[in-house]
Structures are given as C-alpha cells and as structure tokens.
>>> print(open('final_39.txt').read())   # compact mmCIF, C-alpha atoms and all ligand atoms
# COMPACT_ATOMS: atom_id res chain seq x y z
CA MET D 1 19.27 -16.01 29.53
CA THR D 2 19.61 -19.08 27.37
CA THR D 3 20.54 -22.40 28.89
CA GLU D 4 23.92 -22.30 27.17
CA GLN D 5 24.67 -18.89 28.69
CA ASP D 6 23.67 -20.09 32.14
CA GLN D 7 26.00 -23.00 31.68
CA ILE D 8 28.91 -20.75 30.74
CA VAL D 9 28.35 -18.45 33.72
CA GLU D 10 28.07 -21.43 36.03
CA GLN D 11 31.27 -22.92 34.65
CA SER D 12 32.99 -19.60 35.23
CA GLN D 13 31.84 -19.55 38.85
CA LEU D 14 33.14 -23.06 39.35
CA GLY D 15 36.50 -21.89 38.07
CA ASN D 16 39.08 -20.03 40.10
CA VAL D 17 37.08 -16.85 40.65
CA GLY D 18 38.89 -14.64 43.07
CA ASP D 19 41.65 -17.15 43.66
CA LEU D 20 44.74 -15.07 43.17
CA SER D 21 47.04 -17.24 45.20
CA GLY D 22 48.44 -19.15 42.20
CA ASP D 23 51.61 -18.17 40.37
CA SER D 24 51.51 -15.50 37.70
CA LEU D 25 52.21 -16.85 34.25
CA LEU D 26 52.31 -13.34 32.81
CA LYS D 27 53.26 -10.28 34.83
CA VAL D 28 53.19 -6.87 33.19
CA ARG D 29 54.63 -4.09 35.34
CA HIS D 30 54.41 -0.31 34.84
CA LEU D 31 54.12 -0.54 31.07
CA SER D 32 53.87 2.78 29.23
CA VAL D 33 53.66 2.93 25.44
CA ASP D 34 53.46 5.92 23.07
CA PHE D 35 52.68 5.99 19.37
CA VAL D 36 54.80 8.51 17.55
CA SER D 37 53.90 9.89 14.13
CA ILE D 38 54.45 13.11 12.18
CA ASP D 39 51.32 14.42 13.92
CA GLY D 40 53.01 14.02 17.29
CA ARG D 41 53.17 11.68 20.23
CA VAL D 42 50.18 9.94 21.82
CA HIS D 43 50.31 8.18 25.20
CA VAL D 44 48.44 4.97 24.51
CA LEU D 45 49.32 2.93 27.60
CA ASN D 46 50.01 4.63 30.88
CA ASP D 47 51.72 2.73 33.71
CA ILE D 48 49.81 -0.52 33.17
CA SER D 49 50.35 -3.45 35.51
CA PHE D 50 48.46 -6.66 35.03
CA ASP D 51 48.72 -10.35 35.88
CA VAL D 52 47.48 -13.58 34.43
CA LYS D 53 47.65 -16.58 36.73
CA LYS D 54 48.06 -20.14 35.54
CA GLY D 55 44.72 -21.48 34.33
CA GLU D 56 43.00 -18.12 34.68
CA ILE D 57 40.73 -16.29 32.21
CA VAL D 58 41.27 -12.56 32.42
CA GLY D 59 39.17 -9.97 30.61
CA LEU D 60 40.47 -6.65 29.27
CA VAL D 61 37.37 -4.53 28.85
CA GLY D 62 36.91 -0.97 27.61
CA GLU D 63 35.57 1.05 24.69
CA SER D 64 37.32 1.18 21.37
CA GLY D 65 40.60 3.09 21.61
CA SER D 66 41.22 2.32 25.30
CA GLY D 67 44.45 0.45 24.47
CA LYS D 68 43.37 -3.20 24.79
CA THR D 69 44.88 -4.47 21.54
CA THR D 70 48.06 -2.45 22.12
CA LEU D 71 48.42 -4.08 25.54
CA GLY D 72 48.01 -7.55 23.98
CA LEU D 73 50.53 -6.83 21.22
CA ALA D 74 53.01 -5.29 23.67
CA SER D 75 52.75 -8.37 25.94
CA LEU D 76 53.82 -10.54 23.00
CA ARG D 77 56.48 -8.02 21.92
CA LEU D 78 54.62 -7.65 18.64
CA LEU D 79 54.36 -3.85 18.49
CA ASP D 80 56.08 -2.27 15.52
CA SER D 81 58.63 0.32 16.51
CA PRO D 82 58.20 2.90 15.02
CA PRO D 83 55.45 3.97 15.48
CA ALA D 84 55.30 2.37 18.94
CA GLU D 85 57.76 3.41 21.62
CA ILE D 86 57.96 1.52 24.90
CA LEU D 87 58.80 4.15 27.50
CA GLN D 88 59.00 1.89 30.53
CA GLY D 89 57.84 -1.41 31.92
CA GLU D 90 58.58 -5.07 32.27
CA ILE D 91 56.83 -8.04 30.71
CA ILE D 92 57.64 -11.22 32.60
CA PHE D 93 56.40 -14.46 31.08
CA ASP D 94 56.99 -17.62 33.09
CA GLY D 95 59.67 -15.87 35.09
CA LYS D 96 61.54 -14.43 32.08
CA ASP D 97 61.67 -10.77 31.09
CA ILE D 98 60.70 -11.03 27.43
CA SER D 99 62.31 -7.71 26.51
CA LYS D 100 65.68 -9.25 27.40
CA ILE D 101 65.47 -12.62 25.61
CA SER D 102 67.03 -13.39 22.23
CA ASP D 103 64.98 -13.49 19.02
CA ASP D 104 65.28 -17.28 19.02
CA GLU D 105 63.87 -17.55 22.53
CA LEU D 106 61.15 -15.07 21.63
CA TRP D 107 60.16 -17.23 18.65
CA GLN D 108 59.78 -20.19 21.04
CA VAL D 109 57.81 -18.13 23.56
CA ARG D 110 55.40 -16.86 20.91
CA GLY D 111 54.31 -20.30 19.77
CA THR D 112 54.35 -22.59 22.75
CA GLY D 113 54.32 -19.90 25.43
CA MET D 114 51.98 -17.09 24.43
CA ASN D 115 49.91 -16.77 21.30
CA MET D 116 47.30 -14.34 20.00
CA VAL D 117 44.16 -14.79 17.92
CA PHE D 118 43.83 -11.47 16.15
CA GLN D 119 40.66 -9.49 15.69
CA GLU D 120 39.14 -9.76 12.20
CA SER D 121 39.84 -13.38 11.35
CA LEU D 122 39.39 -12.57 7.65
CA ILE D 123 42.47 -10.36 7.82
CA ALA D 124 44.38 -12.69 10.15
CA LEU D 125 44.01 -15.65 7.78
CA ASN D 126 45.79 -15.62 4.44
CA PRO D 127 43.12 -15.23 1.72
CA VAL D 128 45.06 -17.11 -0.97
CA TYR D 129 45.61 -20.37 0.91
CA LYS D 130 43.08 -23.02 1.84
CA VAL D 131 42.53 -23.80 5.53
CA GLU D 132 44.40 -27.10 5.19
CA SER D 133 47.64 -25.48 4.11
CA GLN D 134 47.41 -22.71 6.74
CA LEU D 135 46.65 -25.12 9.57
CA GLY D 136 49.33 -27.45 8.19
CA GLU D 137 51.84 -24.61 8.38
CA SER D 138 50.97 -24.01 12.05
CA ILE D 139 51.50 -27.70 12.77
CA GLY D 140 54.80 -27.57 10.86
CA THR D 141 55.98 -24.60 12.93
CA ARG D 142 54.94 -26.35 16.14
CA ASN D 143 56.84 -29.50 15.09
CA LYS D 144 59.94 -27.48 14.29
CA LYS D 145 59.85 -25.76 17.68
CA ASN D 146 59.50 -29.10 19.45
CA SER D 147 61.80 -31.08 17.12
CA LEU D 148 58.89 -33.35 16.22
CA HIS D 149 58.63 -35.27 12.96
CA THR D 150 55.22 -36.29 11.72
CA ASP D 151 53.94 -37.53 8.36
CA LYS D 152 51.19 -35.90 6.29
CA GLU D 153 48.59 -38.43 7.33
CA THR D 154 49.19 -37.84 11.05
CA ASP D 155 49.02 -34.07 10.49
CA LYS D 156 45.76 -34.42 8.60
CA SER D 157 44.10 -36.48 11.32
CA GLU D 158 45.32 -33.98 13.91
CA MET D 159 43.74 -31.15 11.89
CA LEU D 160 40.45 -33.01 11.63
CA ARG D 161 40.46 -33.75 15.36
CA ILE D 162 41.15 -30.13 16.31
CA LEU D 163 38.46 -28.74 14.02
CA ARG D 164 36.00 -31.29 15.36
CA GLU D 165 36.91 -30.29 18.93
CA LEU D 166 36.13 -26.71 17.97
CA CYS D 167 32.64 -27.85 16.97
CA LEU D 168 33.17 -27.59 13.23
CA ASP D 169 30.88 -30.41 12.18
CA LYS D 170 32.34 -31.14 8.75
CA PRO D 171 36.07 -30.67 9.30
CA ASP D 172 37.11 -32.34 6.03
CA MET D 173 35.00 -29.82 4.14
CA VAL D 174 36.38 -26.89 6.16
CA LEU D 175 39.98 -27.92 5.31
CA LYS D 176 39.24 -27.55 1.60
CA LYS D 177 37.88 -24.02 1.88
CA TYR D 178 39.47 -20.62 1.41
CA PRO D 179 38.87 -18.24 4.36
CA HIS D 180 36.34 -16.11 2.45
CA GLU D 181 34.22 -19.23 1.84
CA LEU D 182 33.65 -19.68 5.58
CA SER D 183 31.23 -17.82 7.87
CA GLY D 184 32.63 -15.39 10.47
CA GLY D 185 32.14 -17.90 13.28
CA MET D 186 33.88 -20.67 11.34
CA ARG D 187 36.82 -18.40 10.48
CA GLN D 188 37.16 -17.41 14.11
CA ARG D 189 37.34 -21.08 15.08
CA VAL D 190 39.92 -21.81 12.37
CA SER D 191 42.01 -18.92 13.78
CA ILE D 192 41.65 -20.40 17.27
CA ALA D 193 42.70 -23.80 15.87
CA MET D 194 45.82 -22.29 14.30
CA SER D 195 46.84 -20.78 17.63
CA THR D 196 45.93 -23.69 19.90
CA VAL D 197 47.64 -26.28 17.69
CA GLN D 198 50.91 -24.88 19.01
CA SER D 199 49.78 -25.77 22.56
CA PRO D 200 50.42 -22.33 24.04
CA ARG D 201 50.11 -21.84 27.77
CA LEU D 202 48.55 -18.41 27.36
CA LEU D 203 46.25 -17.28 24.58
CA PHE D 204 45.17 -13.69 23.85
CA LEU D 205 41.83 -13.55 22.05
CA ASP D 206 41.17 -10.12 20.56
CA GLU D 207 37.42 -9.44 20.22
CA PRO D 208 36.76 -13.08 19.26
CA THR D 209 32.99 -12.68 19.17
CA THR D 210 32.55 -9.17 17.77
CA GLY D 211 30.23 -9.09 14.76
CA LEU D 212 28.98 -12.63 15.30
CA ASP D 213 25.39 -13.48 16.15
CA ALA D 214 24.47 -14.40 19.71
CA TYR D 215 24.32 -18.14 19.10
CA VAL D 216 27.77 -18.30 17.50
CA GLN D 217 29.15 -15.94 20.19
CA ASN D 218 28.02 -18.30 22.92
CA ARG D 219 29.42 -21.32 21.10
CA ILE D 220 32.81 -19.66 20.77
CA LEU D 221 32.80 -18.65 24.43
CA SER D 222 31.90 -22.23 25.42
CA ILE D 223 34.79 -23.53 23.33
CA VAL D 224 37.20 -21.04 24.92
CA LYS D 225 36.03 -22.06 28.40
CA GLN D 226 36.46 -25.71 27.46
CA LEU D 227 40.04 -25.12 26.26
CA ASN D 228 40.71 -23.45 29.59
CA ARG D 229 39.23 -26.28 31.64
CA GLU D 230 40.55 -29.23 29.70
CA TYR D 231 44.04 -28.02 28.93
CA GLY D 232 44.57 -25.49 31.72
CA LEU D 233 45.11 -22.85 29.04
CA SER D 234 45.34 -19.33 30.50
CA ILE D 235 43.37 -16.82 28.47
CA VAL D 236 43.24 -13.06 28.05
CA LEU D 237 39.91 -12.11 26.51
CA ILE D 238 39.95 -8.65 24.92
CA THR D 239 36.48 -7.22 24.41
CA HIS D 240 34.49 -3.98 24.47
CA ASP D 241 31.48 -5.96 25.71
CA LEU D 242 31.20 -6.42 29.47
CA THR D 243 28.56 -9.15 29.06
CA VAL D 244 30.89 -11.23 26.88
CA ALA D 245 33.70 -10.87 29.42
CA SER D 246 31.48 -11.66 32.37
CA LYS D 247 30.35 -14.95 30.82
CA ILE D 248 33.73 -16.65 31.04
CA CYS D 249 36.28 -14.42 32.78
CA ASP D 250 37.49 -15.04 36.30
CA ARG D 251 38.74 -11.47 36.68
CA ILE D 252 38.20 -8.31 34.67
CA TYR D 253 40.51 -5.34 34.13
CA VAL D 254 38.52 -2.28 33.08
CA MET D 255 40.55 0.03 30.82
CA TYR D 256 39.95 3.70 30.09
CA ALA D 257 42.22 5.95 28.03
CA GLY D 258 45.19 3.60 28.33
CA ARG D 259 44.80 3.15 32.07
CA ILE D 260 43.46 0.39 34.31
CA VAL D 261 40.64 1.96 36.30
CA GLU D 262 39.20 -1.09 38.07
CA ILE D 263 40.11 -4.73 38.73
CA GLY D 264 37.61 -7.20 40.15
CA THR D 265 36.03 -10.57 39.63
CA SER D 266 33.36 -10.72 36.91
CA ARG D 267 30.70 -11.16 39.56
CA GLU D 268 31.90 -8.14 41.58
CA ILE D 269 31.98 -5.86 38.56
CA LEU D 270 28.61 -7.00 37.24
CA ASP D 271 26.89 -6.87 40.63
CA LYS D 272 28.44 -3.67 41.96
CA PRO D 273 30.85 -1.78 39.76
CA PHE D 274 32.96 0.62 41.83
CA HIS D 275 34.40 2.87 39.12
CA PRO D 276 31.91 5.26 37.49
CA TYR D 277 33.24 4.15 34.09
CA SER D 278 32.52 0.47 34.89
CA GLU D 279 29.06 1.64 35.95
CA SER D 280 28.63 3.34 32.55
CA LEU D 281 29.76 0.19 30.72
CA LEU D 282 27.13 -1.72 32.66
CA ALA D 283 24.50 0.91 31.91
CA ALA D 284 25.28 0.46 28.20
CA LEU D 285 24.15 -3.17 28.32
CA PRO D 286 20.61 -3.47 26.98
CA SER D 287 18.54 -4.83 29.89
CA GLY D 288 16.52 -7.92 29.10
CA PHE D 289 18.49 -8.45 25.89
CA GLU D 290 21.68 -9.95 27.25
CA ASP D 291 22.68 -11.22 23.83
CA SER D 292 22.50 -7.80 22.14
CA PRO D 293 25.64 -5.73 21.64
CA PRO D 294 26.20 -2.85 24.10
CA LEU D 295 24.70 0.57 23.43
CA PRO D 296 26.95 3.66 23.34
CA VAL D 297 28.36 4.34 26.80
CA PRO D 298 26.40 7.20 28.42
CA GLY D 299 28.15 10.52 29.07
CA GLY D 300 29.49 11.31 25.60
CA GLU D 301 32.15 10.13 23.19
CA PRO D 302 35.25 8.08 24.12
CA PRO D 303 38.21 10.33 24.91
CA ASP D 304 40.59 11.71 22.31
CA LEU D 305 43.98 10.47 23.54
CA LYS D 306 45.65 13.54 22.03
CA HIS D 307 43.56 15.88 24.19
CA LEU D 308 43.00 14.22 27.52
CA PRO D 309 41.73 16.36 30.39
CA GLN D 310 43.77 17.16 33.46
CA GLY D 311 43.05 15.02 36.54
CA CYS D 312 40.94 11.90 36.14
CA LYS D 313 40.66 11.16 32.43
CA PHE D 314 37.01 10.13 32.86
CA ASN D 315 35.99 13.38 34.59
CA PRO D 316 34.21 15.06 31.59
CA ARG D 317 31.84 12.07 31.33
CA CYS D 318 31.47 11.33 35.04
CA ILE D 319 28.20 12.05 36.86
CA TYR D 320 29.98 12.10 40.23
CA VAL D 321 32.69 14.58 39.22
CA MET D 322 34.19 16.67 42.07
CA ASP D 323 36.74 19.51 41.99
CA THR D 324 39.66 17.17 42.79
CA CYS D 325 38.80 15.00 39.79
CA ARG D 326 39.49 17.95 37.48
CA THR D 327 42.94 18.60 38.87
CA ASP D 328 44.47 15.34 40.17
CA GLU D 329 44.59 11.87 38.74
CA PRO D 330 43.66 9.15 41.26
CA ASP D 331 45.93 6.14 41.78
CA LEU D 332 44.68 2.58 41.48
CA VAL D 333 44.18 1.58 45.12
CA ASN D 334 42.65 -1.22 47.13
CA PHE D 335 39.10 -0.53 48.25
CA GLU D 336 37.16 -3.34 49.96
CA GLY D 337 39.35 -5.97 48.33
CA ARG D 338 39.05 -4.52 44.84
CA MET D 339 41.37 -2.18 42.96
CA VAL D 340 39.85 1.10 41.80
CA ALA D 341 41.16 4.47 40.61
CA CYS D 342 38.54 7.02 41.65
CA TRP D 343 38.42 9.91 44.13
CA LYS D 344 34.99 8.72 45.34
CA TYR D 345 36.65 6.09 47.50
CA PRO D 346 38.12 6.95 50.89
CA SER D 347 41.35 4.97 50.39
CA THR D 348 42.12 7.14 47.36
CA ALA D 349 41.87 10.33 49.42
CA LYS D 350 45.04 12.39 49.56
CA LYS D 351 47.08 12.02 52.72
N1 LIG D 401 49.91 1.56 14.71
C1 LIG D 401 49.39 2.62 15.34
N2 LIG D 401 49.83 3.87 15.08
C2 LIG D 401 49.32 4.93 15.73
N3 LIG D 401 48.36 4.88 16.65
C3 LIG D 401 47.86 3.66 16.95
C4 LIG D 401 48.34 2.47 16.32
N4 LIG D 401 47.66 1.41 16.83
C5 LIG D 401 46.80 1.94 17.73
N5 LIG D 401 46.92 3.26 17.80
C6 LIG D 401 46.16 4.15 18.68
O1 LIG D 401 46.26 3.67 20.00
C7 LIG D 401 45.04 3.83 20.70
C8 LIG D 401 44.63 2.51 21.31
O2 LIG D 401 44.35 1.61 20.26
P1 LIG D 401 44.00 0.09 20.51
O3 LIG D 401 45.02 -0.52 21.37
O4 LIG D 401 43.75 -0.51 19.18
O5 LIG D 401 42.64 0.21 21.33
P2 LIG D 401 41.46 -0.87 21.54
O6 LIG D 401 41.98 -2.20 21.17
O7 LIG D 401 41.09 -0.73 22.97
O8 LIG D 401 40.35 -0.42 20.64
C9 LIG D 401 44.04 4.38 19.70
O9 LIG D 401 43.94 5.76 19.91
C10 LIG D 401 44.67 4.09 18.37
O10 LIG D 401 44.30 5.06 17.43
MG MG D 402 41.28 -3.48 19.66
>>> encode(input="final_39.txt", output="structure tokens")
Amino acid sequence: MTTEQDQIVEQSQLGNVGDLSGDSLLKVRHLSVDFVSIDGRVHVLNDISFDVKKGEIVGLVGESGSGKTTLGLASLRLLDSPPAEILQGEIIFDGKDISKISDDELWQVRGTGMNMVFQESLIALNPVYKVESQLGESIGTRNKKNSLHTDKETDKSEMLRILRELCLDKPDMVLKKYPHELSGGMRQRVSIAMSTVQSPRLLFLDEPTTGLDAYVQNRILSIVKQLNREYGLSIVLITHDLTVASKICDRIYVMYAGRIVEIGTSREILDKPFHPYSESLLAALPSGFEDSPPLPVPGGEPPDLKHLPQGCKFNPRCIYVMDTCRTDEPDLVNFEGRMVACWKYPSTAKK
C-alpha cells in the first residue's frame, strides 16, 4: 500500500466506524422501484432500507446493474417517472418525508440538504460553458436559496478558494477552461466543487474514481475524507470497487440484484465477509495490486433483472448453494452484530 492509502484507511478508522448511535440524516425505508418500458416491467430496487448518520461515510457497493445509481437518484427524488415507478417506501431526510414536501421545499433540500455528483463528469458538466460560468451558476443558486447577495469579485475569490481546497493547483487557469480541456480527475473535482459550494449536509458521489488512475483516485478519496472531517459532510459513496469503498467508508451496504445482502463496517467486510457475494467481490480484488481495478466477480455474469431465479437471487453463482436457496429468499437478519441475507447463517433459518 502507498503511504497515502495507509493514511486514508487510518483516517477512516479514526472516524465513527461502527458508531451507529447518532441520528440518521437520511432514512430510506422499504423502497421498491420498477422501471417500466414497452418491453415490460423490471424490479430494480426491492424493499431497500438504508441509513446515513450525521457525519458518516456510507458505501453502496455492488456490480454494475445492482441498482446503486437508482437508489441514489430515488433518495434525491430525481428518478424520471416514467420509466421509473416507486411502488412503496419512505425517504426521510432530516426528519421530513421528501415524497410529501412541495416542489419549493424539494428545491431547497436538493441544494443545501442533499446533493449528488453524477458519474461521468464529462456528461454532468455542460460542454459549452467554461468552468467559471458553471461554478458561478452554482454559487448563484446557493445565494438565491439562502437570500445572500455577493458581488462578482467575492464569487471569484470563493471559486478560487474552493478549487484550491480541492487540490487544483492552478485554479485561475481551471476557471478559464471548458470541461473537455480538463483531465478526468480535474473534471471530477470541478463537479465536486459545484456540489459542495452549496454546502449540502449529505453528498452522493456516484463512482467518483472510476476510470481514473490510482494516484488521482487516492487524491480524490483523500479530498472526500477531508470534506467529511472538516465540514461534517455526510457522504454516500457509490462504487463497484470494494477497495475504493473500504478506504474511506465507515459502513458498507453490499447490493445484489436490487437488494441489500450485507451491511457491516468496512473493516468487518474486508476482514471477514459474511455473504457469499461479498466474498466474491473480495475475491475479485487483485491481491498485491490494491490500486488495480477489480477483476470480474467469480461465478459467472451479473444477473439479468428480467430473469431472476427463484429463492436467493445469488444462488446460481454461489459456491455454498443449498436446496433452500433455490426455493426461498432469505431475509436480511442480524448475525453476530452484522446484517446478512443468506441461508448459511443460523439466525436466517426458518422458524
Ligand atoms: N432509465 C432507465 N430505464 C430503464 N431501466 C433502467 C433505467 N436506469 C436504470 N435501469 C436499469 O436498472 C438497473 C439498475 O441500474 P443502476 O441503478 O444504474 O445500477 P448500478 O448503478 O448499480 O450500475 C439496470 O438493470 C438498469 O438497466
Ligand atoms: Mg451506476
């Protein structure tokens, strides 16, 4: 491991690992979402419950197609309907059910409450405007929401300060660039700047390091950890890479086929994954090359959500499969202080 990585892991351990006593800033309860198209209906999220405490970094980890982005978008009430259909569930942010608030309140919540840095920063940023005008627009929106009035000079020095904080060494040069003139890592940081300028209390980061080299990945993760420590910003880190999540997350939710299959601290899941799928994710990490992207998960292709098997959805890929797994789906239950959905564990056993 590099020194920087060690530092990140250490910082994460010093954080609030395992401390679930604090209040939940975001509570999602029994959320089920379908996507409906002319080809039919697909269950994308199935009875998902998850929590983010104040000041916590939570990881949503699973292969592509497991529903991570959909869960992030649904939490912010950003899913387009159609094609999305919310079948059930509550999303409570700071004590308020966000499905019941007015559009005005929702607009407030999205900026200064929750915010999301989307995957693919090249798509998320507007290609025809320079960074300065896009960041300026974010500041303008923030000011409007908070009834603040600032002049252009103050805004400019704020932009320079934020970019500098995000380790962009020549912020004045960055402001003059169009998104395509920046590297992937720089674009990602500009996207983070545009979200954090609104001072949200909770930030979703969707695959913020995917496609970036190991050095830039670690820098971005350090920055995210720093935002969390200095400003108490709660973070949901969406990633397919268990190593990335384990570097900064306090707790990890492992997702498979639109379900949560295990919840534990990063350390617990890295040291001793309980769910066979978490074990497979770990097995996909190239040993001795912690900075390399994960290999394909052993046991075959990710599931086709349109043709999921009966019973446990992971059963066709599971090396521990038993008869029950092919007929009944296990609930997410407490086993030795961790939540896991697998028939291997005694507390899951049918009464
Ligand atoms: N707008 C959409 N219309 C139809 N299906 C969608 C849409 N967005 C996502 N899906 C489907 O939902 C499933 C979960 O997608 P997503 O949440 O993007 O997963 P992840 O982020 O874990 O890769 C996938 O099968 C995907 O094809
Ligand atoms: Mg995604």
>>> residues_near_ligand(input="final_39.txt", ligand="ligand LIG 401 (chain D)", cutoff="7 Å", atoms="all atoms listed in the file", output="PDB file with C-alpha atoms, keeping the file's coordinate frame")
ATOM      1  CA  PHE D  35      52.680   5.990  19.370  1.00  0.00           C
ATOM      2  CA  VAL D  36      54.800   8.510  17.550  1.00  0.00           C
ATOM      3  CA  SER D  37      53.900   9.890  14.130  1.00  0.00           C
ATOM      4  CA  VAL D  44      48.440   4.970  24.510  1.00  0.00           C
ATOM      5  CA  GLY D  62      36.910  -0.970  27.610  1.00  0.00           C
ATOM      6  CA  GLU D  63      35.570   1.050  24.690  1.00  0.00           C
ATOM      7  CA  SER D  64      37.320   1.180  21.370  1.00  0.00           C
ATOM      8  CA  GLY D  65      40.600   3.090  21.610  1.00  0.00           C
ATOM      9  CA  SER D  66      41.220   2.320  25.300  1.00  0.00           C
ATOM     10  CA  GLY D  67      44.450   0.450  24.470  1.00  0.00           C
ATOM     11  CA  LYS D  68      43.370  -3.200  24.790  1.00  0.00           C
ATOM     12  CA  THR D  69      44.880  -4.470  21.540  1.00  0.00           C
ATOM     13  CA  THR D  70      48.060  -2.450  22.120  1.00  0.00           C
ATOM     14  CA  LEU D  71      48.420  -4.080  25.540  1.00  0.00           C
ATOM     15  CA  PRO D  83      55.450   3.970  15.480  1.00  0.00           C
ATOM     16  CA  ALA D  84      55.300   2.370  18.940  1.00  0.00           C
ATOM     17  CA  LEU D 305      43.980  10.470  23.540  1.00  0.00           C
TER      18      LEU D 305
END
>>> atom_distance(input="final_39.txt", atom1="atom CA of Ser191 of chain D", atom2="atom CA of Gly72 of chain D")
16.4 Å
>>> residues_around(input="final_39.txt", residues="Thr265 of chain D", least_positions_apart="3", cutoff="6 Å", atoms="all atoms listed in the file", output="PyMOL selection string")
chain D and resi 250-252+268
>>> closest_residue(input="final_39.txt", among="D:Leu332, D:Ile38, D:Leu205, D:Leu26", to="ligand MG 402 (chain D)", atoms="all atoms listed in the file")
D:Leu205
>>> residues_around(input="final_39.txt", residues="His30 of chain D", least_positions_apart="5", cutoff="12 Å", atoms="only C-alpha atoms", output="number ranges by chain")
D: 45-51, 71, 86-92, 258-260
>>> decode(input="final_39.txt", residues="segment 96-116 of chain D", atoms="C-alpha atoms", output="PDB file, in the first residue's frame")
ATOM      1  CA  LYS D  96     -39.034  15.103   6.622  1.00  0.00           C
ATOM      2  CA  ASP D  97     -40.624  12.645   4.207  1.00  0.00           C
ATOM      3  CA  ILE D  98     -39.348  14.024   0.910  1.00  0.00           C
ATOM      4  CA  SER D  99     -42.131  12.420  -1.128  1.00  0.00           C
ATOM      5  CA  LYS D 100     -44.590  14.667   0.722  1.00  0.00           C
ATOM      6  CA  ILE D 101     -42.840  18.048   0.509  1.00  0.00           C
ATOM      7  CA  SER D 102     -43.654  20.773  -2.024  1.00  0.00           C
ATOM      8  CA  ASP D 103     -41.509  21.380  -5.116  1.00  0.00           C
ATOM      9  CA  ASP D 104     -40.174  24.549  -3.483  1.00  0.00           C
ATOM     10  CA  GLU D 105     -39.063  22.677  -0.381  1.00  0.00           C
ATOM     11  CA  LEU D 106     -37.586  19.948  -2.553  1.00  0.00           C
ATOM     12  CA  TRP D 107     -35.544  22.555  -4.441  1.00  0.00           C
ATOM     13  CA  GLN D 108     -34.143  23.742  -1.097  1.00  0.00           C
ATOM     14  CA  VAL D 109     -33.435  20.193   0.079  1.00  0.00           C
ATOM     15  CA  ARG D 110     -31.584  19.320  -3.127  1.00  0.00           C
ATOM     16  CA  GLY D 111     -29.060  22.116  -2.835  1.00  0.00           C
ATOM     17  CA  THR D 112     -28.359  22.694   0.817  1.00  0.00           C
ATOM     18  CA  GLY D 113     -29.680  19.364   2.088  1.00  0.00           C
ATOM     19  CA  MET D 114     -28.672  16.575  -0.269  1.00  0.00           C
ATOM     20  CA  ASN D 115     -26.699  16.807  -3.464  1.00  0.00           C
ATOM     21  CA  MET D 116     -25.261  14.340  -5.965  1.00  0.00           C
TER      22      MET D 116
END
